[in-house]
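Asker: Below is the file structure_16.txt, with compact mmCIF, C-alpha atoms.
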# COMPACT_ATOMS: atom_id res chain seq x y z
CA MET A 1 31.10 11.21 -14.24
CA ALA A 2 30.64 14.89 -13.27
CA ARG A 3 28.68 15.67 -10.15
CA PRO A 4 25.11 16.84 -10.91
CA GLY A 5 24.97 20.65 -11.04
CA THR A 6 28.71 21.10 -11.71
CA VAL A 7 28.15 23.43 -14.67
CA ASP A 8 25.78 25.61 -12.66
CA ARG A 9 28.28 25.76 -9.77
CA VAL A 10 31.01 26.89 -12.14
CA SER A 11 28.64 29.50 -13.54
CA ALA A 12 27.88 30.73 -10.03
CA ALA A 13 31.60 30.98 -9.24
CA ILE A 14 32.24 32.94 -12.45
CA SER A 15 29.41 35.32 -11.57
CA VAL A 16 30.89 35.94 -8.11
CA ALA A 17 34.33 36.51 -9.62
CA GLY A 18 32.83 38.85 -12.19
CA ALA A 19 31.12 40.85 -9.46
CA VAL A 20 34.41 41.23 -7.59
CA VAL A 21 36.43 42.23 -10.68
CA VAL A 22 33.92 44.62 -12.24
CA ALA A 23 32.85 46.23 -8.97
CA GLY A 24 36.50 46.56 -7.92
CA TYR A 25 37.35 48.21 -11.21
CA PHE A 26 34.60 50.81 -10.87
CA VAL A 27 35.50 51.50 -7.23
CA VAL A 28 39.17 52.05 -8.06
CA ILE A 29 38.43 54.26 -11.06
CA GLY A 30 35.80 56.14 -9.11
CA ALA A 31 38.19 56.76 -6.24
CA GLN A 32 40.85 58.05 -8.62
CA ALA A 33 38.50 60.19 -10.68
CA GLY A 34 36.33 61.31 -7.79
CA HIS A 35 33.19 60.52 -9.82
CA PRO A 36 30.18 59.24 -7.66
CA ALA A 37 28.50 57.63 -10.68
CA LEU A 38 31.24 55.02 -10.85
CA PHE A 39 30.42 53.88 -7.29
CA VAL A 40 26.78 53.48 -8.36
CA ALA A 41 27.97 51.42 -11.34
CA ALA A 42 29.95 49.21 -8.93
CA ALA A 43 26.83 48.61 -6.83
CA VAL A 44 24.79 47.78 -9.94
CA ALA A 45 27.48 45.31 -11.08
CA VAL A 46 27.43 43.57 -7.70
CA ALA A 47 23.61 43.31 -7.82
CA VAL A 48 23.51 41.93 -11.37
CA PHE A 49 26.29 39.40 -10.88
CA GLY A 50 24.78 38.45 -7.50
CA VAL A 51 21.45 37.61 -9.10
CA MET A 52 23.21 35.50 -11.72
CA ALA A 53 25.26 33.67 -9.07
CA ARG A 54 22.19 32.97 -6.92
CA ARG A 55 20.22 31.64 -9.90
CA SER A 56 23.07 29.33 -10.94
CA TRP A 57 23.46 28.03 -7.38
CA ARG A 58 19.74 27.24 -7.15
CA LEU A 59 19.90 25.34 -10.44
CA ALA A 60 22.84 23.34 -9.10
CA ARG A 61 20.91 22.40 -5.94
CA ARG A 62 17.88 21.33 -8.01
CA ALA A 63 20.08 19.14 -10.19
CA GLU A 64 21.52 17.50 -7.05
CA VAL A 65 18.09 16.77 -5.60
CA ALA A 66 16.76 15.41 -8.90
CA ALA A 67 19.72 13.04 -9.25
CA ALA A 68 19.63 11.78 -5.66
CA PRO A 69 18.58 8.08 -5.45
CA VAL A 70 15.31 7.27 -3.68
CA PRO A 71 15.94 5.15 -0.56
CA ALA A 72 14.72 1.57 -0.88
CA THR A 73 13.16 -0.42 1.93
CA ALA A 74 12.20 -4.08 2.25
CA VAL A 75 8.43 -4.16 2.81
CA VAL A 76 5.84 -6.89 3.24
CA VAL A 77 3.89 -7.43 0.05
CA PRO A 78 0.15 -8.00 0.65
CA GLY A 79 -1.00 -11.41 -0.47
CA ALA A 80 2.49 -12.83 -0.77
CA GLY A 81 2.54 -14.97 2.34
CA GLY A 82 4.97 -12.74 4.19
CA ALA A 83 7.33 -12.29 1.21
CA THR A 84 9.27 -9.04 0.97
CA SER A 85 10.06 -6.76 -1.90
CA THR A 86 12.45 -3.83 -2.21
CA LEU A 87 10.42 -0.81 -3.26
CA PRO A 88 11.21 2.94 -3.23
CA ASP A 89 9.86 4.64 -0.10
CA ALA A 90 8.16 7.17 -2.34
CA VAL A 91 5.81 4.52 -3.77
CA ARG A 92 5.61 2.15 -0.82
CA VAL A 93 2.00 1.34 0.17
CA VAL A 94 1.29 -1.19 2.88
CA PRO A 95 -2.44 -1.66 3.66
CA VAL A 96 -3.25 -1.51 7.36
CA LEU A 97 -6.43 -2.61 9.12
CA SER A 98 -8.22 -0.20 11.41
CA ALA A 99 -8.48 -1.11 15.09
CA GLU A 100 -12.04 -2.31 14.48
CA GLY A 101 -10.94 -4.28 11.42
CA ARG A 102 -8.19 -6.00 13.40
CA GLU A 103 -10.69 -6.98 16.12
CA ARG A 104 -13.08 -8.31 13.49
CA LEU A 105 -10.29 -10.37 11.91
CA ASP A 106 -9.62 -12.08 15.23
CA ARG A 107 -13.36 -12.59 15.75
CA VAL A 108 -13.94 -14.06 12.28
CA LEU A 109 -11.06 -16.50 12.66
CA ASP A 110 -12.27 -17.60 16.11
CA VAL A 111 -15.81 -18.22 14.83
CA LEU A 112 -14.69 -20.08 11.69
CA VAL A 113 -12.39 -22.29 13.74
CA GLY A 114 -15.15 -22.91 16.29
CA ALA A 115 -17.59 -23.82 13.51
CA GLY A 116 -15.18 -26.29 11.95
CA VAL A 117 -14.68 -24.25 8.79
CA LEU A 118 -10.98 -23.61 9.47
CA PRO A 119 -8.58 -25.93 11.29
CA ASP A 120 -7.50 -24.91 14.77
CA GLY A 121 -3.98 -23.53 15.31
CA VAL A 122 -3.07 -23.17 11.64
CA VAL A 123 -3.84 -19.55 10.78
CA ASP A 124 -1.87 -16.69 12.34
CA PRO A 125 -3.94 -13.47 12.05
CA ASP A 126 -0.81 -11.31 11.96
CA ARG A 127 0.36 -13.13 8.85
CA ILE A 128 -2.74 -12.32 6.82
CA ALA A 129 -3.65 -8.91 8.30
CA ALA A 130 -2.08 -6.94 5.42
CA SER A 131 -3.73 -9.16 2.82
CA VAL A 132 -7.12 -8.79 4.55
CA ALA A 133 -6.63 -5.01 4.59
CA ASP A 134 -5.88 -5.16 0.87
CA HIS A 135 -9.29 -6.77 0.36
CA GLY A 136 -10.88 -3.86 2.22
CA GLU A 137 -13.18 -3.40 5.18
CA PRO A 138 -15.56 -4.39 6.69
CA VAL A 139 -13.76 -7.62 7.46
CA THR A 140 -16.04 -10.57 6.68
CA SER A 141 -15.54 -14.29 6.37
CA GLY A 142 -15.36 -13.76 2.61
CA THR A 143 -12.50 -11.27 2.82
CA VAL A 144 -10.67 -13.45 5.34
CA LEU A 145 -11.04 -16.58 3.19
CA GLY A 146 -9.96 -14.61 0.12
CA ALA A 147 -6.86 -13.40 1.94
CA LEU A 148 -6.11 -16.95 3.08
CA ASP A 149 -6.45 -18.17 -0.49
CA GLU A 150 -3.69 -15.72 -1.46
CA ALA A 151 -1.41 -15.81 1.56
CA GLY A 152 -2.53 -18.66 3.77
CA PRO A 153 -0.25 -21.27 5.33
CA ASP A 154 -0.25 -24.89 4.22
CA GLY A 155 -3.32 -26.78 5.39
CA TRP A 156 -5.53 -23.75 6.04
CA ASP A 157 -8.19 -25.12 3.65
CA ALA A 158 -8.21 -28.71 4.95
CA LEU A 159 -11.85 -28.45 6.09
CA LEU A 160 -13.45 -26.60 3.19
CA ASP A 161 -13.54 -26.46 -0.59
CA HIS A 162 -13.78 -23.55 -3.00
CA HIS A 163 -14.70 -23.02 -6.65
CA PRO A 164 -14.59 -20.01 -8.99
CA ALA A 165 -17.93 -18.19 -8.81
CA GLU A 166 -18.00 -17.67 -12.57
CA ASP A 167 -18.24 -21.45 -13.04
CA GLY A 168 -21.74 -21.39 -11.52
CA VAL A 169 -23.09 -23.86 -8.98
CA PRO A 170 -20.35 -26.34 -8.03
CA VAL A 171 -20.93 -30.09 -8.08
CA LEU A 172 -21.30 -31.19 -4.46
CA PRO A 173 -20.98 -34.64 -2.89
CA GLY A 174 -24.18 -36.69 -2.76
CA ALA A 175 -26.03 -38.30 0.15
CA GLY A 176 -24.18 -39.79 3.09
CA ARG A 177 -21.96 -36.76 3.57
CA PRO A 178 -22.26 -34.08 6.31
CA ARG A 179 -24.66 -31.30 5.41
CA LEU A 180 -22.85 -28.64 3.47
CA ALA A 181 -23.17 -24.86 3.57
CA TRP A 182 -21.74 -22.40 1.16
CA LEU A 183 -20.74 -18.76 0.96
CA TRP A 184 -20.88 -16.92 -2.36
CA THR A 185 -18.59 -13.95 -3.03
CA ASP A 186 -17.89 -12.12 -6.27
CA ARG A 187 -15.02 -14.46 -7.09
CA THR A 188 -15.46 -17.67 -5.16
CA VAL A 189 -17.95 -20.17 -3.80
CA TRP A 190 -16.73 -21.47 -0.43
CA VAL A 191 -18.14 -24.83 0.68
CA ALA A 192 -17.87 -26.25 4.21
CA ALA A 193 -19.65 -28.53 6.67
CA PRO A 194 -20.08 -26.15 9.63
CA SER A 195 -21.08 -27.34 13.07
CA TYR A 196 -23.34 -24.29 13.35
CA ASP A 197 -26.54 -23.52 11.49
CA PRO A 198 -25.72 -20.91 8.80
CA ALA A 199 -28.12 -18.43 10.42
CA GLU A 200 -26.21 -18.74 13.70
CA LEU A 201 -22.91 -18.58 11.85
CA ASN A 202 -23.96 -15.37 10.08
CA ASP A 203 -25.06 -13.86 13.39
CA LEU A 204 -21.79 -14.72 15.13
CA LEU A 205 -19.78 -13.37 12.22
CA ASP A 206 -21.99 -10.29 11.84
CA GLN A 207 -22.05 -10.99 8.12
CA PRO A 208 -23.45 -8.31 5.76
CA ALA A 209 -26.69 -9.09 3.94
CA TYR A 210 -24.88 -9.42 0.60
CA GLU A 211 -22.56 -12.15 1.92
CA LEU A 212 -24.32 -14.89 3.90
CA TRP A 213 -23.63 -18.53 4.60
CA GLU A 214 -26.51 -20.78 3.44
CA TRP A 215 -27.29 -24.48 3.35
CA ALA A 216 -26.20 -25.70 -0.05
CA ASP A 217 -29.24 -27.97 -0.41
CA GLU A 218 -31.66 -25.07 -0.04
CA THR A 219 -32.69 -22.74 -2.83
CA ARG A 220 -30.41 -19.75 -2.97
CA VAL A 221 -32.36 -16.52 -3.42
Output the structure of this file as structure tokens.

Answerer:
Amino acid sequence: MARPGTVDRVSAAISVAGAVVVAGYFVVIGAQAGHPALFVAAAVAVAVFGVMARRSWRLARRAEVAAAPVPATAVVVPGAGGATSTLPDAVRVVPVLSAEGRERLDRVLDVLVGAGVLPDGVVDPDRIAASVADHGEPVTSGTVLGALDEAGPDGWDALLDHHPAEDGVPVLPGAGRPRLAWLWTDRTVWVAAPSYDPAELNDLLDQPAYELWEWADETRV
């Protein structure tokens, strides 16, 4: 298969050769005849063929660049539990948390573990940081739980339950069970038996007003 831009390179070479031949002819004839106009014609020939050669060379370079393969790099895919995918660098997008977002991720995980919502020692924040970033900031318990649902390790949800929000109010266990609290997000209802009062939990997590933990047995406003 011919190298990209080969035709344009040949055209450029022909233009250079043409400039040499034509200009040389006019110079020789002009020197023999002693006619200044022939030297002007030689200069014009060099200029015209030079423009043609330069244009052809530029087209050859453009063809080379257009045909060059885009380097591929193995990148972490958000929400894939640390899986990698080979994507062109030109389209690679890896979400990254801000410094504040990374601090909040650590804080949220510490509080949820301390409240008995997540098991201790199971979740590595570095593993889910990209997935949390993909959910957007500010980092809340809802975004962290959503990221865990997509990329969490085995056993991360041993202490809580979750149901699709579009299904409405989930059926909860009856009397004789620990008191349950829930967190409603756009997609999911998260149910847990926290060791903290939901008001205290919300305060520790610095939860936004649109995403609050509540006792499940109280009317949700």

Asker: Between atom CA of A:Pro173 and atom CA of A:Ala192, what distance in Å does the model show, to one decimal?

Answerer: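 About the pair atom CA of A:Pro173 and atom CA of A:Ala192: they are 11.4 Å apart.
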
Asker: Identify which of the residues A:Ile29, A:Gly101, A:Glu137, A:Val16 lies closest to A:Val46, counting all atoms listed in the file when measuring atom-to-atom distances.

Answerer: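 For A:Val46, the nearest of the candidates is A:Val16.
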
Asker: I'd like the neighbourhood of A:Glu103 as a list in words, where a residue qualifies if any of its atoms comes within 12 Å (using only C-alpha atoms), though same-chain residues fewer than 6 positions away should be ignored.

Answerer: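 Contacts, with the query itself left out: Leu97, Leu109, Asp110, Pro125, Asp126, Ala129, Glu137, Pro138, Val139, Thr140 and Leu205 of chain A.
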
Asker: Would you put the residues from that selection into a file with C-alpha atoms, as a tab-separated table (two decimals), in the coordinates of the input?

Answerer:
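File out-v6.tsv, as written:
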chain	number	residue	atom	x	y	z
A	97	LEU	CA	-6.43	-2.61	9.12
A	109	LEU	CA	-11.06	-16.50	12.66
A	110	ASP	CA	-12.27	-17.60	16.11
A	125	PRO	CA	-3.94	-13.47	12.05
A	126	ASP	CA	-0.81	-11.31	11.96
A	129	ALA	CA	-3.65	-8.91	8.30
A	137	GLU	CA	-13.18	-3.40	5.18
A	138	PRO	CA	-15.56	-4.39	6.69
A	139	VAL	CA	-13.76	-7.62	7.46
A	140	THR	CA	-16.04	-10.57	6.68
A	205	LEU	CA	-19.78	-13.37	12.22

Asker: Using only C-alpha atoms, which protein or nucleic acid residues come within 10 Å of A:Ala47? Drop anything in the same chain fewer than 5 positions from it, and give the result as a PyMOL selection string.

Answerer: chain A and resi 19+23+41-42+52-53

Asker: As an exercise, work out the distance from atom CA of A:Ala158 to atom CA of A:Val191 in Å and give it to one decimal place.

Answerer: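 Straight-line distance from atom CA of A:Ala158 to atom CA of A:Val191 works out to 11.5 Å.
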
Asker: With a distance cut-off of 12 Å and all atoms listed in the file, select the neighbouring residues of A:Val111, excluding the residue or stretch itself and same-chain residues fewer than 2 positions from it, and output the selection as a list in words.

Answerer: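 Residues meeting the cut-off are Arg104, Leu105, Asp106, Arg107, Val108, Leu109, Val113, Gly114, Ala115, Gly116, Val117, Leu118, Pro119, Asp120, Thr140, Ser141, Val144, Pro194, Ser195, Tyr196, Pro198, Glu200, Leu201, Asn202, Asp203, Leu204, Leu205, Asp206 and Gln207 of chain A.
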
Asker: Quick one: distance from atom CA of A:Val189 to atom CA of A:Asp149 in Å, one decimal?

Answerer: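 Those two atoms sit 12.1 Å apart.
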
Asker: Of the residues A:Leu180, A:Ala147, A:Val20, A:Val169, which is the one nearest to A:Val44, using all atoms listed in the file?

Answerer: A:Val20

Asker: Between A:Pro178, A:Arg187, A:Trp156, A:Ala17, which residue has the minimum interatomic distance to A:Asp124, considering only C-alpha atoms?

Answerer: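 Result for the nearest residue to A:Asp124: A:Trp156.
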
Asker: Please identify all polymer residues within 8 Å of A:Leu183, counting only C-alpha atoms, omitting same-chain residues fewer than 3 positions from it, and present them as a PyMOL selection string.

Answerer: chain A and resi 142+189-191+211-214

Asker: Using the file's own x, y and z axes, so that the box edges lie along x, y and z, what centre and edge lengths in Å (one decimal) does a box around every listed atom of stretch 157-163 of chain A get when 6 Å is added on each side? Give it as JSON.

Answerer:
{"center_x": -11.4, "center_y": -25.9, "center_z": -0.3, "size_x": 18.5, "size_y": 17.7, "size_z": 24.7}

Asker: Could you tell me which of A:Thr188, A:His163, A:Phe49, A:Ala199 comes closest to A:Val21 if we count all atoms listed in the file?

Answerer: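 Of A:Thr188, A:His163, A:Phe49, A:Ala199, the one nearest A:Val21 is A:Phe49, counting all atoms listed in the file.
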
Asker: Filtering to N, CA, C and O atoms, could stretch 174-188 of chain A of the supplied structure be written out as a PDB file, in the first residue's frame?

Answerer:
ATOM      1  N   GLY A 174     -41.336  -5.913  59.495  1.00  0.00           N
ATOM      2  CA  GLY A 174     -42.259  -5.476  60.542  1.00  0.00           C
ATOM      3  C   GLY A 174     -41.582  -5.293  61.890  1.00  0.00           C
ATOM      4  O   GLY A 174     -40.366  -5.123  61.986  1.00  0.00           O
ATOM      5  N   ALA A 175     -42.408  -5.366  62.958  1.00  0.00           N
ATOM      6  CA  ALA A 175     -41.925  -5.145  64.322  1.00  0.00           C
ATOM      7  C   ALA A 175     -40.891  -6.198  64.717  1.00  0.00           C
ATOM      8  O   ALA A 175     -40.837  -7.298  64.165  1.00  0.00           O
ATOM      9  N   GLY A 176     -40.083  -5.850  65.716  1.00  0.00           N
ATOM     10  CA  GLY A 176     -39.079  -6.769  66.205  1.00  0.00           C
ATOM     11  C   GLY A 176     -37.735  -6.617  65.526  1.00  0.00           C
ATOM     12  O   GLY A 176     -36.770  -7.304  65.871  1.00  0.00           O
ATOM     13  N   ARG A 177     -37.674  -5.729  64.558  1.00  0.00           N
ATOM     14  CA  ARG A 177     -36.424  -5.461  63.856  1.00  0.00           C
ATOM     15  C   ARG A 177     -35.845  -4.132  64.344  1.00  0.00           C
ATOM     16  O   ARG A 177     -36.549  -3.303  64.914  1.00  0.00           O
ATOM     17  N   PRO A 178     -34.535  -3.890  64.160  1.00  0.00           N
ATOM     18  CA  PRO A 178     -33.975  -2.570  64.496  1.00  0.00           C
ATOM     19  C   PRO A 178     -34.699  -1.480  63.725  1.00  0.00           C
ATOM     20  O   PRO A 178     -35.231  -1.720  62.627  1.00  0.00           O
ATOM     21  N   ARG A 179     -34.731  -0.292  64.289  1.00  0.00           N
ATOM     22  CA  ARG A 179     -35.409   0.814  63.624  1.00  0.00           C
ATOM     23  C   ARG A 179     -34.654   1.185  62.350  1.00  0.00           C
ATOM     24  O   ARG A 179     -33.433   1.348  62.353  1.00  0.00           O
ATOM     25  N   LEU A 180     -35.415   1.314  61.285  1.00  0.00           N
ATOM     26  CA  LEU A 180     -34.798   1.551  59.982  1.00  0.00           C
ATOM     27  C   LEU A 180     -34.903   3.015  59.573  1.00  0.00           C
ATOM     28  O   LEU A 180     -35.889   3.697  59.855  1.00  0.00           O
ATOM     29  N   ALA A 181     -33.873   3.470  58.870  1.00  0.00           N
ATOM     30  CA  ALA A 181     -33.877   4.792  58.244  1.00  0.00           C
ATOM     31  C   ALA A 181     -33.669   4.593  56.750  1.00  0.00           C
ATOM     32  O   ALA A 181     -33.124   3.573  56.317  1.00  0.00           O
ATOM     33  N   TRP A 182     -34.119   5.590  56.010  1.00  0.00           N
ATOM     34  CA  TRP A 182     -33.908   5.482  54.578  1.00  0.00           C
ATOM     35  C   TRP A 182     -33.446   6.796  53.988  1.00  0.00           C
ATOM     36  O   TRP A 182     -33.597   7.868  54.565  1.00  0.00           O
ATOM     37  N   LEU A 183     -32.843   6.676  52.800  1.00  0.00           N
ATOM     38  CA  LEU A 183     -32.355   7.816  52.034  1.00  0.00           C
ATOM     39  C   LEU A 183     -32.902   7.685  50.624  1.00  0.00           C
ATOM     40  O   LEU A 183     -32.684   6.664  49.961  1.00  0.00           O
ATOM     41  N   TRP A 184     -33.642   8.702  50.193  1.00  0.00           N
ATOM     42  CA  TRP A 184     -34.229   8.686  48.851  1.00  0.00           C
ATOM     43  C   TRP A 184     -33.357   9.511  47.904  1.00  0.00           C
ATOM     44  O   TRP A 184     -33.018  10.651  48.184  1.00  0.00           O
ATOM     45  N   THR A 185     -32.991   8.923  46.776  1.00  0.00           N
ATOM     46  CA  THR A 185     -32.335   9.663  45.697  1.00  0.00           C
ATOM     47  C   THR A 185     -33.222   9.548  44.461  1.00  0.00           C
ATOM     48  O   THR A 185     -34.294   8.935  44.514  1.00  0.00           O
ATOM     49  N   ASP A 186     -32.791  10.130  43.370  1.00  0.00           N
ATOM     50  CA  ASP A 186     -33.601  10.079  42.147  1.00  0.00           C
ATOM     51  C   ASP A 186     -33.819   8.650  41.666  1.00  0.00           C
ATOM     52  O   ASP A 186     -34.852   8.332  41.080  1.00  0.00           O
ATOM     53  N   ARG A 187     -32.842   7.792  41.919  1.00  0.00           N
ATOM     54  CA  ARG A 187     -32.913   6.435  41.370  1.00  0.00           C
ATOM     55  C   ARG A 187     -33.208   5.358  42.399  1.00  0.00           C
ATOM     56  O   ARG A 187     -33.767   4.326  42.063  1.00  0.00           O
ATOM     57  N   THR A 188     -32.794   5.593  43.638  1.00  0.00           N
ATOM     58  CA  THR A 188     -32.774   4.491  44.602  1.00  0.00           C
ATOM     59  C   THR A 188     -33.248   4.922  45.970  1.00  0.00           C
ATOM     60  O   THR A 188     -33.060   6.074  46.382  1.00  0.00           O
TER      61      THR A 188
END
